[in-house]
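**Student:** Attaching a single structure in structure tokens format; questions to follow.
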Amino acid sequence: MPQTETPGIEAAPAVRLRWWTELPLIVLVYACYSAGRLLARGDVTTAVDHGLAILRIEKFLYLNAEHPLNWLFTREAWLGVPADFWYASLHYLVTPAVLIWLFKAHSAQYRAARTWLMTSTFMGLIGFILLPTCPPRLLSAGHGFVDTMAQYSSYGWWGGAASAPRGMGGMTNQYAAMPSLHVGWALWCGVMLWRYGRTRTTKAAAVAYPVITTIVVMGTANHYFLDAVAGAAVMGLGFLLAPYVTRAAGRAAAPVRARIATVAAASRGAEPSIVSAGCQTSAGEHIPRQRESRFAGGAEPSAAPTDAGDGAPAAAR
């Protein structure tokens, strides 16, 4: 029976994803993201102006979550030190862990989730390029922010310049604050854990991780509240654009897959069957419901049954 596609439902990917093809792709995208951050350093004066503009907007909107949280993390080391570890590490550990979990346990949903994450990440990179922004911790002391990463640097592997390992602070872009992809990636992880997790612990983590991350990025003076809002907005827009990106990537990869299939068939010594171009079929294949020919080799069968209704051969009548 011929198979048909249900309208509105996309067919499953023809090529099964393999870890040895996915891993280089993830590494390549992250390398492009990291390189783009470095190239998007921008002018320091412009970055400071953007940071002060965000503070003015928040003041106009009566928003001031950063100062109380930063004061609390600066005064209470038992909060500030774990917050710095959270900021410096979980961003790079939890997201890959969720990707691996999806790949192994929810492979049917992995492609769409990965595309959503990558689309949003590249959009965030565009934000870094167009709007270099000085984080609160790098503003002058008169604005009331303390760099907790520098204050508690003796507790961790990072130095006083950034969350990068000691001596490597100059290799990161400290003015890539808008949007906050710490918040964006944490939100993506939360959605994945909530949607596909089956335990109460997983559901709780799905809510706690993005909420705590949002608090941490402000308390450590690495991001403004509006940076966090922008990070969530980027993820939302990436979610809407991901299906279009998936279809565009599928169309672009179709000729390559067809070529690979042709080469593979030729290597096996088999002629590839064509069922759509010119209505050709491979040897021995019949189109469904196709009537068999009444003649074979020009001769009519001698005892072909008829539809007279009596069930007797024609010769018997």
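Order determines the names: the first chain of the structure tokens is A, the second B, and so forth; residues in each chain are numbered 1 upward, and ligands are numbered 1 upward as they are shown.
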Dump as a tab-separated table the rows for residues of segment 36-124 of chain A within 8 Å of segment 245-251 of chain A: closest atom pair and distance in Å with one decimal, only C-alpha atoms counted, ordered by chain and rising residue number.
**Tutor:**
```
residue	atom	partner	partner_atom	distance
A:Ala112	CA	A:Thr246	CA	7.4
A:Thr115	CA	A:Thr246	CA	6.9
A:Thr119	CA	A:Val245	CA	7.8
```
**Student:** Create the file for the chosen residues now, containing all heavy atoms and written as a CSV table (one decimal), in the first residue's frame.
**Tutor:**
```
chain,number,residue,atom,x,y,z
A,112,ALA,N,15.7,19.3,16.3
A,112,ALA,CA,15.0,20.5,16.4
A,112,ALA,C,15.6,21.3,17.6
A,112,ALA,O,15.8,22.6,17.5
A,112,ALA,CB,13.5,20.3,16.6
A,115,THR,N,19.0,22.8,16.7
A,115,THR,CA,18.9,23.9,15.7
A,115,THR,C,18.4,25.1,16.4
A,115,THR,O,18.9,26.2,16.1
A,115,THR,CB,18.0,23.5,14.6
A,115,THR,OG1,18.4,22.3,14.0
A,115,THR,CG2,17.9,24.6,13.6
A,119,THR,N,20.6,28.5,16.4
A,119,THR,CA,20.1,29.7,15.8
A,119,THR,C,20.1,30.9,16.8
A,119,THR,O,20.5,32.0,16.5
A,119,THR,CB,18.6,29.4,15.4
A,119,THR,OG1,18.6,28.3,14.4
A,119,THR,CG2,18.0,30.7,14.7
```
**Student:** Give me every strand (DSSP E or B) residue in segment 56-266 of chain A, going by DSSP on the backbone, as a JSON list (two decimals) with N, CA and C atoms, in the first residue's frame.
**Tutor:**
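So the final result, stored in selection28.json, reads:
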```json
[["chain", "number", "residue", "atom", "x", "y", "z"],
["A", 133, "THR", "N", 28.62, 46.02, 24.93],
["A", 133, "THR", "CA", 28.10, 46.62, 26.16],
["A", 133, "THR", "C", 29.02, 46.31, 27.32],
["A", 158, "TRP", "N", 39.82, 31.37, 38.11],
["A", 158, "TRP", "CA", 39.82, 32.58, 37.30],
["A", 158, "TRP", "C", 40.64, 33.67, 37.95],
["A", 165, "PRO", "N", 40.23, 31.24, 32.73],
["A", 165, "PRO", "CA", 41.34, 30.82, 33.59],
["A", 165, "PRO", "C", 42.37, 31.94, 33.77],
["A", 176, "ALA", "N", 30.80, 41.65, 25.90],
["A", 176, "ALA", "CA", 29.70, 40.92, 25.26],
["A", 176, "ALA", "C", 28.63, 40.64, 26.30]]
```
**Student:** Can you tell me, as a list in words, what residues are no more than 12 Å from segment 52-62 of chain A when counting only C-alpha atoms, ignoring any on the same chain fewer than 6 positions away?
**Tutor:**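 Here the qualifying residues turn out to be Thr45, Thr46, Leu131, Pro132, Thr133, Cys134, Pro135, Pro136, Leu138, Leu139, Ser140, His143, Gly144, Phe145, Ala177, Met178, Pro179, His223, Tyr224, Phe225, Leu226, Asp227, Ala228, Val229 and Ala230 of chain A.
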**Student:** Looking at A:Val216, A:Ala161, A:Leu181, A:Ala31, which one is nearest to Gly127 of chain A, with distances taken over only C-alpha atoms?
**Tutor:** A:Leu181
**Student:** Which neighbours of Val207 of chain A fall inside 12 Å, counting only C-alpha atoms, when residues of the same chain fewer than 5 positions from it are skipped, and could you give them as a list of chain:residue names?
**Tutor:**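 Returned residues: A:Ala186, A:Leu187, A:Trp188, A:Cys189, A:Gly190, A:Val191, A:Met192, A:Leu193, A:Trp194, A:Arg195, A:Gly197, A:Arg200, A:Thr201, A:Thr202, A:Ile212, A:Thr213, A:Thr214.
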**Student:** Residues as selected, C-alpha atoms, written as a compact mmCIF listing (two decimals), in the first residue's frame, can you do that?
**Tutor:**
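Final output, saved to out-v5.txt:
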```txt
# COMPACT_ATOMS: atom_id res chain seq x y z
CA ALA A 186 19.93 28.33 30.86
CA LEU A 187 16.39 29.01 29.63
CA TRP A 188 16.90 26.54 26.76
CA CYS A 189 18.13 23.90 29.21
CA GLY A 190 15.14 24.56 31.45
CA VAL A 191 12.68 24.11 28.59
CA MET A 192 14.32 20.85 27.53
CA LEU A 193 14.36 19.46 31.07
CA TRP A 194 10.75 20.46 31.69
CA ARG A 195 9.47 19.10 28.38
CA GLY A 197 12.10 15.12 31.98
CA ARG A 200 9.87 15.77 39.87
CA THR A 201 13.58 16.42 40.41
CA THR A 202 14.05 17.11 36.71
CA ILE A 212 19.20 30.99 39.71
CA THR A 213 21.34 31.77 36.67
CA THR A 214 19.45 35.04 36.16
```
**Student:** Using atom CA of Ile100 of chain A and atom CA of Pro255 of chain A as the two end points, give the distance in Å to one decimal.
**Tutor:** 28.7 Å
